[in-house]
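Raw data-v3.txt, compact mmCIF, C-alpha atoms:
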```txt
# COMPACT_ATOMS: atom_id res chain seq x y z
CA MET A 249 23.64 19.20 -24.28
CA GLU A 250 24.90 16.13 -26.10
CA THR A 251 22.44 13.44 -27.12
CA SER A 252 24.13 11.11 -24.63
CA ASP A 253 23.24 13.48 -21.77
CA LEU A 254 19.62 13.65 -22.90
CA LYS A 255 19.53 9.86 -23.06
CA ARG A 256 20.95 9.56 -19.53
CA THR A 257 18.35 11.97 -18.17
CA ALA A 258 15.53 10.15 -19.95
CA ALA A 259 16.79 6.79 -18.65
CA HIS A 260 16.89 8.14 -15.09
CA LEU A 261 13.33 9.44 -15.43
CA MET A 262 12.24 6.02 -16.68
CA ASP A 263 13.69 4.12 -13.71
CA LYS A 264 12.10 0.67 -13.63
CA SER A 265 10.49 1.18 -10.22
CA LYS A 266 9.46 4.84 -10.41
CA GLY A 267 7.29 7.37 -12.21
CA LEU A 268 6.82 11.10 -12.61
CA LEU A 269 4.81 13.41 -10.38
CA ALA A 270 2.96 16.17 -12.24
CA MET A 271 2.74 19.05 -9.77
CA ASP A 272 2.52 21.67 -12.51
CA GLU A 273 -1.04 22.89 -12.05
CA SER A 274 -1.42 26.46 -13.22
CA THR A 275 -2.42 29.11 -10.70
CA GLY A 276 -6.00 29.02 -11.96
CA THR A 277 -6.30 25.23 -11.77
CA CYS A 278 -4.68 25.08 -8.33
CA ASN A 279 -6.99 27.81 -7.03
CA LYS A 280 -10.07 25.94 -8.26
CA ARG A 281 -8.98 22.82 -6.38
CA PHE A 282 -8.32 24.92 -3.27
CA GLU A 283 -11.68 26.67 -3.53
CA ALA A 284 -13.53 23.34 -3.60
CA LEU A 285 -11.95 22.43 -0.25
CA GLY A 286 -12.16 25.84 1.39
CA ILE A 287 -8.41 26.52 1.17
CA PRO A 288 -7.37 30.18 0.73
CA GLN A 289 -6.38 30.83 -2.88
CA THR A 290 -3.14 32.69 -2.24
CA GLU A 291 0.47 32.29 -3.32
CA GLU A 292 1.47 31.42 0.26
CA TYR A 293 -1.00 28.53 0.49
CA ARG A 294 0.10 27.27 -2.92
CA ARG A 295 3.68 27.41 -1.62
CA LYS A 296 2.71 25.52 1.54
CA TYR A 297 0.99 22.83 -0.49
CA ARG A 298 3.96 22.37 -2.79
CA GLU A 299 6.28 22.26 0.21
CA LEU A 300 4.10 19.47 1.60
CA ILE A 301 4.67 17.55 -1.64
CA VAL A 302 8.41 17.99 -2.11
CA THR A 303 9.24 17.28 1.55
CA THR A 304 7.19 14.07 1.73
CA PRO A 305 9.41 11.43 3.39
CA GLY A 306 10.42 8.63 1.03
CA LEU A 307 8.92 10.25 -2.07
CA GLU A 308 12.16 9.55 -3.95
CA GLU A 309 11.54 5.80 -3.55
CA CYS A 310 8.66 6.05 -6.03
CA ILE A 311 9.22 9.27 -7.98
CA SER A 312 12.10 9.91 -10.40
CA GLY A 313 11.06 13.34 -11.67
CA ALA A 314 8.67 16.15 -10.72
CA ILE A 315 7.09 18.56 -13.20
CA LEU A 316 6.91 22.06 -11.72
CA PHE A 317 4.98 25.21 -12.58
CA ASP A 318 6.84 28.49 -13.09
CA GLU A 319 5.70 29.77 -9.69
CA THR A 320 7.05 26.68 -7.94
CA ILE A 321 10.51 26.68 -9.49
CA ASN A 322 11.15 30.01 -7.77
CA GLN A 323 9.63 29.12 -4.39
CA SER A 324 11.39 27.97 -1.22
CA VAL A 325 10.40 25.75 1.68
CA THR A 326 10.15 27.18 5.19
CA ASP A 327 13.89 26.97 5.92
CA GLY A 328 14.72 28.98 2.79
CA THR A 329 15.87 26.08 0.59
CA LEU A 330 14.57 26.33 -2.96
CA MET A 331 12.05 23.59 -3.72
CA ILE A 332 14.00 22.64 -6.81
CA ASP A 333 17.04 22.02 -4.56
CA VAL A 334 14.96 19.92 -2.15
CA LEU A 335 14.03 17.69 -5.08
CA LYS A 336 17.63 17.43 -6.30
CA GLN A 337 18.81 16.49 -2.80
CA LYS A 338 16.33 13.59 -2.93
CA GLY A 339 17.60 12.48 -6.34
CA ILE A 340 14.36 13.59 -8.02
CA ILE A 341 14.98 15.36 -11.34
CA PRO A 342 13.18 18.72 -11.57
CA GLY A 343 11.19 19.50 -14.72
CA ILE A 344 9.07 22.42 -15.82
CA LYS A 345 5.78 22.97 -17.67
CA VAL A 346 6.46 25.45 -20.47
CA ASP A 347 3.27 25.67 -22.51
CA GLU A 348 0.97 28.61 -21.82
CA GLY A 349 -2.35 26.84 -22.12
CA THR A 350 -4.85 26.43 -24.93
CA ILE A 351 -6.84 28.90 -26.99
CA PRO A 352 -9.56 28.28 -29.61
CA LEU A 353 -8.24 27.25 -33.02
CA ASP A 354 -9.63 29.91 -35.37
CA ARG A 355 -12.28 28.64 -37.82
CA PHE A 356 -12.31 25.19 -36.19
CA PRO A 357 -15.15 25.24 -33.62
CA GLY A 358 -14.59 23.06 -30.56
CA GLU A 359 -10.84 22.65 -31.19
CA THR A 360 -7.83 24.27 -29.57
CA ILE A 361 -4.18 25.07 -30.10
CA THR A 362 -1.55 25.41 -27.37
CA GLU A 363 0.32 28.69 -26.95
CA GLY A 364 3.87 29.33 -25.75
CA LEU A 365 6.32 29.02 -28.64
CA ASP A 366 7.13 32.74 -28.75
CA GLY A 367 10.33 33.30 -26.78
CA LEU A 368 10.44 29.66 -25.74
CA GLY A 369 14.14 29.18 -26.50
CA LYS A 370 15.11 31.90 -24.04
CA ARG A 371 12.75 30.57 -21.36
CA LEU A 372 14.14 27.06 -21.74
CA SER A 373 17.68 28.35 -21.34
CA ASP A 374 16.66 30.19 -18.16
CA TYR A 375 14.97 27.09 -16.74
CA TYR A 376 18.05 24.99 -17.51
CA ASN A 377 20.19 27.47 -15.60
CA LYS A 378 17.79 27.23 -12.64
CA GLY A 379 18.27 23.46 -12.55
CA ALA A 380 15.45 21.97 -14.64
CA ARG A 381 16.49 19.04 -16.81
CA PHE A 382 13.25 18.24 -18.59
CA ALA A 383 10.13 20.09 -19.73
CA LYS A 384 6.51 19.42 -20.63
CA TRP A 385 4.11 20.72 -23.29
CA ARG A 386 0.47 19.63 -23.49
CA ALA A 387 -1.68 19.59 -26.60
CA VAL A 388 -5.41 18.87 -26.25
CA ILE A 389 -7.49 16.86 -28.71
CA THR A 390 -11.27 16.60 -28.27
CA ILE A 391 -13.46 13.83 -29.70
CA GLY A 392 -16.87 15.09 -30.79
CA GLU A 393 -19.13 15.52 -33.78
CA ASP A 394 -16.84 15.89 -36.82
CA ILE A 395 -13.81 16.50 -34.62
CA PRO A 396 -10.91 16.22 -34.33
CA THR A 397 -10.13 17.55 -37.78
CA PRO A 398 -6.89 16.72 -39.59
CA THR A 399 -5.94 20.40 -39.35
CA ALA A 400 -6.23 20.47 -35.56
CA ILE A 401 -4.20 17.27 -35.24
CA LYS A 402 -1.45 18.44 -37.60
CA THR A 403 -1.24 21.93 -36.09
CA ASN A 404 -0.89 20.61 -32.56
CA ALA A 405 1.61 17.99 -33.71
CA TYR A 406 3.74 20.66 -35.38
CA ASN A 407 3.79 22.80 -32.21
CA LEU A 408 4.72 19.79 -30.08
CA ALA A 409 7.62 19.06 -32.43
CA ARG A 410 8.87 22.68 -32.42
CA TYR A 411 8.74 22.66 -28.62
CA ALA A 412 10.60 19.34 -28.49
CA VAL A 413 13.48 20.39 -30.71
CA LEU A 414 13.89 23.67 -28.80
CA CYS A 415 14.04 21.66 -25.57
CA GLN A 416 16.77 19.40 -26.83
CA GLN A 417 18.76 22.37 -28.10
CA ALA A 418 18.55 23.85 -24.58
CA GLY A 419 19.64 20.59 -22.92
CA LEU A 420 16.20 19.59 -21.65
CA VAL A 421 14.45 16.27 -22.26
CA PRO A 422 11.05 17.09 -23.80
CA ILE A 423 7.97 15.37 -22.46
CA VAL A 424 5.59 15.37 -25.41
CA GLU A 425 1.97 15.30 -24.21
CA PRO A 426 -0.75 14.88 -26.84
CA GLU A 427 -3.87 14.32 -24.73
CA VAL A 428 -7.03 12.91 -26.26
CA LEU A 429 -9.61 13.97 -23.68
CA MET A 430 -11.88 11.55 -21.83
CA ASP A 431 -14.77 14.03 -22.06
CA GLY A 432 -17.72 12.88 -24.17
CA ASN A 433 -19.66 9.73 -24.98
CA HIS A 434 -17.24 8.20 -27.50
CA SER A 435 -16.43 4.49 -27.47
CA LEU A 436 -13.14 2.77 -26.71
CA GLN A 437 -12.77 2.09 -30.43
CA GLN A 438 -13.25 5.76 -31.32
CA CYS A 439 -10.61 6.77 -28.79
CA SER A 440 -8.25 4.19 -30.24
CA GLU A 441 -8.74 5.46 -33.79
CA VAL A 442 -8.22 9.11 -32.83
CA THR A 443 -5.20 8.36 -30.64
CA HIS A 444 -3.72 6.34 -33.50
CA GLN A 445 -4.10 9.32 -35.85
CA VAL A 446 -2.69 11.75 -33.27
CA LEU A 447 0.39 9.66 -32.44
CA HIS A 448 1.21 9.09 -36.11
CA ALA A 449 0.97 12.83 -36.77
CA VAL A 450 3.08 13.65 -33.71
CA PHE A 451 5.90 11.25 -34.53
CA ASN A 452 5.92 12.30 -38.17
CA ALA A 453 6.27 15.93 -37.03
CA LEU A 454 8.99 15.01 -34.53
CA PHE A 455 10.92 13.20 -37.25
CA ASP A 456 10.54 16.11 -39.67
CA GLN A 457 11.87 18.51 -37.02
CA HIS A 458 14.92 16.27 -36.34
CA VAL A 459 13.97 15.50 -32.74
CA GLU A 460 16.12 12.76 -31.22
CA PHE A 461 13.64 10.06 -30.23
CA GLU A 462 16.16 8.60 -27.77
CA GLY A 463 16.15 11.85 -25.80
CA MET A 464 12.39 12.40 -25.33
CA ILE A 465 9.48 10.92 -23.38
CA LEU A 466 5.89 10.50 -24.53
CA LYS A 467 3.08 11.43 -22.12
CA PRO A 468 -0.16 10.17 -23.70
CA ASN A 469 -3.68 9.29 -22.64
CA MET A 470 -4.73 5.70 -22.12
CA ILE A 471 -7.23 4.36 -24.65
CA LEU A 472 -10.51 4.86 -22.79
CA PRO A 473 -14.21 5.21 -23.50
CA GLY A 474 -15.63 8.68 -22.89
CA LEU A 475 -16.79 9.44 -19.38
CA GLU A 476 -20.39 9.60 -20.66
CA SER A 477 -20.17 6.47 -22.78
CA PRO A 478 -22.86 3.89 -21.92
CA VAL A 479 -20.22 1.16 -22.21
CA GLN A 480 -17.31 1.34 -19.78
CA ASP A 481 -14.88 -1.32 -20.93
CA SER A 482 -13.02 -3.66 -18.60
CA ILE A 483 -9.54 -3.01 -17.24
CA GLU A 484 -8.20 -5.76 -19.49
CA ALA A 485 -9.87 -4.28 -22.60
CA VAL A 486 -8.35 -0.88 -21.85
CA ALA A 487 -4.92 -2.43 -21.33
CA ASP A 488 -5.11 -4.36 -24.59
CA ALA A 489 -6.38 -1.44 -26.69
CA THR A 490 -3.78 0.93 -25.25
CA ILE A 491 -0.68 -1.19 -25.73
CA GLU A 492 -1.79 -2.47 -29.13
CA CYS A 493 -2.17 1.14 -30.27
CA PHE A 494 1.23 2.14 -28.93
CA LEU A 495 2.97 -0.85 -30.49
CA ARG A 496 1.69 0.38 -33.85
CA CYS A 497 2.52 4.06 -33.33
CA VAL A 498 5.42 4.65 -30.91
CA PRO A 499 8.96 3.99 -32.19
CA ALA A 500 11.06 1.57 -30.17
CA ALA A 501 13.78 4.26 -29.96
CA VAL A 502 11.63 6.25 -27.52
CA PRO A 503 12.93 5.33 -24.04
CA GLY A 504 9.66 5.66 -22.20
CA ILE A 505 5.95 6.36 -22.05
CA ALA A 506 4.52 8.05 -18.94
CA PHE A 507 0.72 8.15 -18.78
CA LEU A 508 -1.31 11.16 -17.78
CA SER A 509 -4.26 10.27 -15.56
CA GLY A 510 -6.72 12.49 -17.43
CA GLY A 511 -9.43 12.49 -14.78
CA GLN A 512 -9.39 8.77 -13.95
CA SER A 513 -9.97 7.80 -10.33
CA GLU A 514 -6.86 7.06 -8.29
CA GLN A 515 -7.44 3.32 -8.00
CA LEU A 516 -8.61 2.78 -11.58
CA ALA A 517 -5.53 4.52 -12.99
CA SER A 518 -3.33 2.17 -10.95
CA GLU A 519 -5.31 -0.92 -11.94
CA ARG A 520 -5.12 -0.12 -15.64
CA LEU A 521 -1.38 0.58 -15.58
CA ASN A 522 -0.85 -2.64 -13.64
CA ALA A 523 -2.84 -4.68 -16.17
CA MET A 524 -0.70 -3.40 -19.04
CA HIS A 525 2.44 -4.68 -17.34
CA ILE A 526 0.91 -8.04 -16.53
CA ARG A 527 -0.41 -8.60 -20.04
CA PHE A 528 2.39 -7.08 -22.14
CA LYS A 529 5.48 -7.11 -19.95
CA ASP A 530 7.73 -8.87 -22.47
CA LYS A 531 6.29 -7.23 -25.59
CA MET A 532 6.95 -3.55 -24.87
CA PRO A 533 10.14 -2.04 -26.36
CA TRP A 534 9.89 1.06 -24.12
CA GLU A 535 9.51 1.62 -20.38
CA LEU A 536 5.92 2.23 -19.33
CA THR A 537 5.16 4.29 -16.24
CA PHE A 538 2.96 7.07 -14.82
CA SER A 539 3.01 10.85 -14.79
CA PHE A 540 -0.05 11.48 -12.67
CA SER A 541 -1.29 14.63 -10.97
CA ARG A 542 -4.72 14.29 -9.35
CA ALA A 543 -4.44 10.49 -9.30
CA ILE A 544 -1.56 10.88 -6.82
CA GLN A 545 -2.26 14.19 -5.11
CA GLN A 546 -6.02 14.30 -4.53
CA PRO A 547 -6.22 12.20 -1.32
CA ALA A 548 -3.40 14.27 0.20
CA LEU A 549 -5.01 17.56 -0.78
CA GLU A 550 -8.35 16.53 0.70
CA ALA A 551 -6.66 15.52 3.96
CA TRP A 552 -4.54 18.68 4.22
CA LYS A 553 -7.27 21.28 3.60
CA GLY A 554 -4.76 24.06 4.20
CA ASP A 555 -4.21 23.15 7.86
CA ASP A 556 -0.61 22.69 9.07
CA LYS A 557 -1.65 20.07 11.60
CA ASN A 558 -2.74 17.80 8.74
CA VAL A 559 0.60 17.83 6.89
CA ALA A 560 1.86 14.51 8.28
CA ILE A 561 -1.24 12.50 7.34
CA ALA A 562 -1.43 14.22 3.96
CA GLN A 563 2.18 13.23 3.24
CA LYS A 564 1.47 9.64 4.22
CA LEU A 565 -1.44 9.57 1.76
CA LEU A 566 0.70 11.12 -0.97
CA TYR A 567 3.46 8.56 -0.41
CA HIS A 568 0.95 5.71 -0.38
CA ARG A 569 -0.56 6.78 -3.70
CA ALA A 570 2.91 7.07 -5.27
CA TRP A 571 3.84 3.67 -3.80
CA CYS A 572 0.72 2.02 -5.27
CA ASN A 573 1.62 3.37 -8.69
CA SER A 574 5.24 2.26 -8.41
CA LYS A 575 3.87 -1.23 -7.75
CA ALA A 576 1.54 -0.94 -10.76
CA ARG A 577 4.50 0.20 -12.85
CA ARG A 578 6.01 -3.26 -12.21
CA GLY A 579 2.78 -5.25 -12.50
CA GLU A 580 2.76 -5.92 -8.74
CA TYR A 581 -0.24 -3.86 -7.67
CA THR A 582 -3.31 -5.43 -6.03
CA PRO A 583 -6.49 -3.67 -4.84
CA GLU A 584 -5.73 -4.90 -1.31
CA MET A 585 -2.83 -2.43 -1.23
CA GLU A 586 -5.38 0.38 -1.03
CA LYS A 587 -6.05 -0.68 2.58
CA GLU A 588 -2.43 -0.59 3.69
```
Can you turn what I pasted into structure tokens?
Amino acid sequence: METSDLKRTAAHLMDKSKGLLAMDESTGTCNKRFEALGIPQTEEYRRKYRELIVTTPGLEECISGAILFDETINQSVTDGTLMIDVLKQKGIIPGIKVDEGTIPLDRFPGETITEGLDGLGKRLSDYYNKGARFAKWRAVITIGEDIPTPTAIKTNAYNLARYAVLCQQAGLVPIVEPEVLMDGNHSLQQCSEVTHQVLHAVFNALFDQHVEFEGMILKPNMILPGLESPVQDSIEAVADATIECFLRCVPAAVPGIAFLSGGQSEQLASERLNAMHIRFKDKMPWELTFSFSRAIQQPALEAWKGDDKNVAIAQKLLYHRAWCNSKARRGEYTPEMEKE
């Protein structure tokens, strides 16, 4: 694919009123969520749940792209239409998660590396032929005692860059996801320092691997205190720390940044994204949006519970959550919208 095609796809994904829906939970993760709600952990129930998502009325008003799991890209809705085709009919660009999860980084206790580079070029070509036009790879960085180490940061950055260049060669826009986890008792400042180091390493690796910045999207964490931190900073402090970090680290050539939710509550994720747009609207050189999973899907999943008679209300809740985030993406969200 030509760079111009990658740029067009990235621009479509970064539509000024929309965001991305991450529906790429692995089989294990999806089954854990089902188990907690008493939903059978079978392929058919996973198919039903994903059908509920892709057929939600009006979803395309708020969502520009959907990240799928390998199982989903091959599944069909009840009438036999492939889910990927349902998305395309709505004008939602299909994407695909291509990493194969994390494993321990040898000789670096508490740190991980993401697998999946072996044979990736062939897999990307196959996904392109099936209709995917972007992909996602997640690297995980943990803040703890004496970690992250420079080795863990550099190794994960290198793998992200190799993935990204293989994507662009296959005609897919790479979503580059270096996630600094919320787990732990670290402060907002510690998260900012680590995220700063990670983003610098990632963009240096991307540059070294000749990745076209104009044809990629960054999917980072917000700058947040650890979940166990005794100080939970204000929405405004999070917004300021996050955008100030990105202004120092993310090249203006990158067309967009799409946040992961990382375990934030649904409402708090929306409030923080909204505050960034209110406080920095005219200072950001890139589009800033969402690429949430649980922060959009969880209310719908809890309402559905695997029962067909609950599909309509679950879809209304899914649409509402996506709508709230599309408002936040423009700095127009208010907590009162949660009651609508």
Nearest residue to A:Cys572 out of A:Asn469, A:Gln289, A:Asn558, A:Ser518, using only C-alpha atoms? A:Ser518
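Using all atoms listed in the file, the residues found no farther than 8 Å from A:Met430, other than those of its own chain fewer than 3 positions away, are Leu472, Pro473, Gly474, Leu475, Gly510 and Gly511 of chain A.
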Could you tell me how far atom CA of A:Gln512 lies from atom CA of A:Pro547, in Å and to one decimal?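 Separation between atom CA of A:Gln512 and atom CA of A:Pro547: 13.5 Å.
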What does the structure give for the distance between atom CA of A:Asn407 and atom CA of A:Asn279, in Å to one decimal?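 Separating atom CA of A:Asn407 from atom CA of A:Asn279 is a distance of 27.8 Å.
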Two-atom distance - atom CA of A:Lys564, atom CA of A:Phe540 (Å):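 Distance between the two atoms: 17.1 Å.
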Skipping near chain neighbours, those fewer than 4 positions away, what residues fall within 9 Å of A:Lys255 using all atoms listed in the file, listed as a ChimeraX atom specification? /A:250-251,259-260,421,462-464,503
Kindly extract all protein, DNA and RNA residues lying within 7 Å of the coordinates (-6.2, 28.1, -6.2) given in the file, considering only C-alpha atoms, and supply them as a list in words.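 Answer for this query, in the requested form: Thr275, Gly276, Thr277, Cys278, Asn279, Lys280, Arg281, Phe282, Glu283, Gln289 and Thr290 of chain A.
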Please list as a list in words every residue within 6 Å of stretch 308-323 of chain A, counting only C-alpha atoms and excluding residues in the same chain fewer than 2 positions away.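 With the cut-off at 6 Å, the set is Leu261, Lys266, Gly267, Leu268, Leu269, Ala270, Met271, Asp272, Gly306, Leu330, Ile332, Lys338, Ile340, Ile341, Pro342, Gly343, Ile344, Lys345, Ala570, Trp571 and Ser574 of chain A.
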Where is the centre and how long are the edges: axis-aligned box on stretch 567-580 of chain A, 8 Å on each side, Å to one decimal, as AutoDock Vina command-line options:
```
--center_x 2.7 --center_y 1.3 --center_z -6.6 --size_x 22.6 --size_y 30.5 --size_z 28.5
```
Fewer than 4 positions away in the same chain doesn't count, so skip those; otherwise give me all residues within 9 Å of stretch 357-369 of chain A, counting only C-alpha atoms, as a PDB file with C-alpha atoms, keeping the file's coordinate frame.
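Produced file result_10.pdb, reproduced below:
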```pdb
ATOM      1  CA  VAL A 346       6.460  25.450 -20.470  1.00  0.00           C
ATOM      2  CA  ASP A 347       3.270  25.670 -22.510  1.00  0.00           C
ATOM      3  CA  GLU A 348       0.970  28.610 -21.820  1.00  0.00           C
ATOM      4  CA  GLY A 349      -2.350  26.840 -22.120  1.00  0.00           C
ATOM      5  CA  THR A 350      -4.850  26.430 -24.930  1.00  0.00           C
ATOM      6  CA  ILE A 351      -6.840  28.900 -26.990  1.00  0.00           C
ATOM      7  CA  PRO A 352      -9.560  28.280 -29.610  1.00  0.00           C
ATOM      8  CA  LEU A 353      -8.240  27.250 -33.020  1.00  0.00           C
ATOM      9  CA  SER A 373      17.680  28.350 -21.340  1.00  0.00           C
ATOM     10  CA  ASP A 374      16.660  30.190 -18.160  1.00  0.00           C
ATOM     11  CA  TRP A 385       4.110  20.720 -23.290  1.00  0.00           C
ATOM     12  CA  ARG A 386       0.470  19.630 -23.490  1.00  0.00           C
ATOM     13  CA  ALA A 387      -1.680  19.590 -26.600  1.00  0.00           C
ATOM     14  CA  VAL A 388      -5.410  18.870 -26.250  1.00  0.00           C
ATOM     15  CA  ILE A 389      -7.490  16.860 -28.710  1.00  0.00           C
ATOM     16  CA  THR A 390     -11.270  16.600 -28.270  1.00  0.00           C
ATOM     17  CA  GLY A 392     -16.870  15.090 -30.790  1.00  0.00           C
ATOM     18  CA  ILE A 395     -13.810  16.500 -34.620  1.00  0.00           C
ATOM     19  CA  PRO A 396     -10.910  16.220 -34.330  1.00  0.00           C
ATOM     20  CA  THR A 397     -10.130  17.550 -37.780  1.00  0.00           C
ATOM     21  CA  ALA A 400      -6.230  20.470 -35.560  1.00  0.00           C
ATOM     22  CA  THR A 403      -1.240  21.930 -36.090  1.00  0.00           C
ATOM     23  CA  ASN A 404      -0.890  20.610 -32.560  1.00  0.00           C
ATOM     24  CA  ASN A 407       3.790  22.800 -32.210  1.00  0.00           C
ATOM     25  CA  LEU A 408       4.720  19.790 -30.080  1.00  0.00           C
ATOM     26  CA  ARG A 410       8.870  22.680 -32.420  1.00  0.00           C
ATOM     27  CA  TYR A 411       8.740  22.660 -28.620  1.00  0.00           C
ATOM     28  CA  LEU A 414      13.890  23.670 -28.800  1.00  0.00           C
ATOM     29  CA  CYS A 415      14.040  21.660 -25.570  1.00  0.00           C
ATOM     30  CA  GLN A 417      18.760  22.370 -28.100  1.00  0.00           C
ATOM     31  CA  ALA A 418      18.550  23.850 -24.580  1.00  0.00           C
TER      32      ALA A 418
END
```
Looking at only C-alpha atoms, which of A:Val479, A:Val413, A:Ile301, A:Ala576 is the one that sits closest to A:Met331? A:Ile301
Report as a PyMOL selection string all protein, DNA and RNA residues lying within 7 Å of stretch 484-486 of chain A, evaluated on all atoms listed in the file, omitting residues in the same chain fewer than 4 positions from it. chain A and resi 471-472+490+523
Write the residues of the preceding selection, restricted to C-alpha atoms, as an mmCIF file, keeping the file's coordinate frame.
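Below you can see again_15.cif, which holds the result:
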```
data_model
loop_
_atom_site.group_PDB
_atom_site.id
_atom_site.type_symbol
_atom_site.label_atom_id
_atom_site.label_comp_id
_atom_site.auth_asym_id
_atom_site.auth_seq_id
_atom_site.Cartn_x
_atom_site.Cartn_y
_atom_site.Cartn_z
ATOM 1 C CA ILE A 471 -7.230 4.360 -24.650
ATOM 2 C CA LEU A 472 -10.510 4.860 -22.790
ATOM 3 C CA THR A 490 -3.780 0.930 -25.250
ATOM 4 C CA ALA A 523 -2.840 -4.680 -16.170
#
```
Just checking: using only C-alpha atoms, which residue out of A:Leu565, A:Ile401, A:Ile544, A:Leu420 ends up closest to A:Thr443?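 Of the candidates, the smallest distance to A:Thr443 is held by A:Ile401.
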Identify which of the residues A:Asp488, A:Glu519, A:Glu291, A:Glu427 lies closest to A:Leu466, counting only C-alpha atoms when measuring atom-to-atom distances.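 Counting only C-alpha atoms, the residue closest to A:Leu466 is A:Glu427.
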Just stretch 428-434 of chain A from the block, all heavy atoms, as a compact mmCIF listing (two decimals), in the first residue's frame, could you?
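Listed below is the output, selection.txt:
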```txt
# COMPACT_ATOMS: atom_id res chain seq x y z
N VAL A 428 1.74 1.53 29.89
CA VAL A 428 2.28 1.57 31.25
C VAL A 428 1.11 1.28 32.19
O VAL A 428 0.14 2.06 32.25
CB VAL A 428 2.91 2.95 31.56
CG1 VAL A 428 3.41 2.99 32.99
CG2 VAL A 428 4.04 3.24 30.58
N LEU A 429 1.18 0.17 32.89
CA LEU A 429 0.04 -0.32 33.66
C LEU A 429 -0.32 0.60 34.83
O LEU A 429 0.55 1.24 35.43
CB LEU A 429 0.32 -1.72 34.19
CG LEU A 429 0.49 -2.83 33.16
CD1 LEU A 429 0.83 -4.14 33.86
CD2 LEU A 429 -0.77 -2.99 32.32
N MET A 430 -1.61 0.60 35.17
CA MET A 430 -2.10 1.34 36.34
C MET A 430 -1.83 0.60 37.64
O MET A 430 -1.93 1.18 38.72
CB MET A 430 -3.61 1.56 36.23
CG MET A 430 -4.05 2.51 35.15
SD MET A 430 -5.86 2.56 35.03
CE MET A 430 -6.31 3.16 36.67
N ASP A 431 -1.51 -0.68 37.56
CA ASP A 431 -1.31 -1.48 38.77
C ASP A 431 -0.17 -0.93 39.61
O ASP A 431 0.87 -0.53 39.07
CB ASP A 431 -1.00 -2.93 38.40
CG ASP A 431 -2.10 -3.57 37.56
OD1 ASP A 431 -3.24 -3.08 37.64
OD2 ASP A 431 -1.79 -4.54 36.85
N GLY A 432 -0.37 -0.90 40.94
CA GLY A 432 0.70 -0.46 41.83
C GLY A 432 0.33 0.78 42.62
O GLY A 432 -0.80 1.29 42.56
N ASN A 433 1.30 1.26 43.39
CA ASN A 433 1.05 2.43 44.25
C ASN A 433 1.88 3.64 43.82
O ASN A 433 2.11 4.54 44.61
CB ASN A 433 1.36 2.08 45.72
CG ASN A 433 2.80 1.64 45.92
OD1 ASN A 433 3.59 1.68 44.99
ND2 ASN A 433 3.14 1.23 47.13
N HIS A 434 2.32 3.65 42.56
CA HIS A 434 3.15 4.74 42.08
C HIS A 434 2.35 6.05 41.98
O HIS A 434 1.13 6.04 41.88
CB HIS A 434 3.77 4.40 40.71
CG HIS A 434 2.75 4.00 39.68
ND1 HIS A 434 2.35 2.70 39.49
CD2 HIS A 434 2.05 4.73 38.79
CE1 HIS A 434 1.46 2.64 38.52
NE2 HIS A 434 1.25 3.87 38.07
```
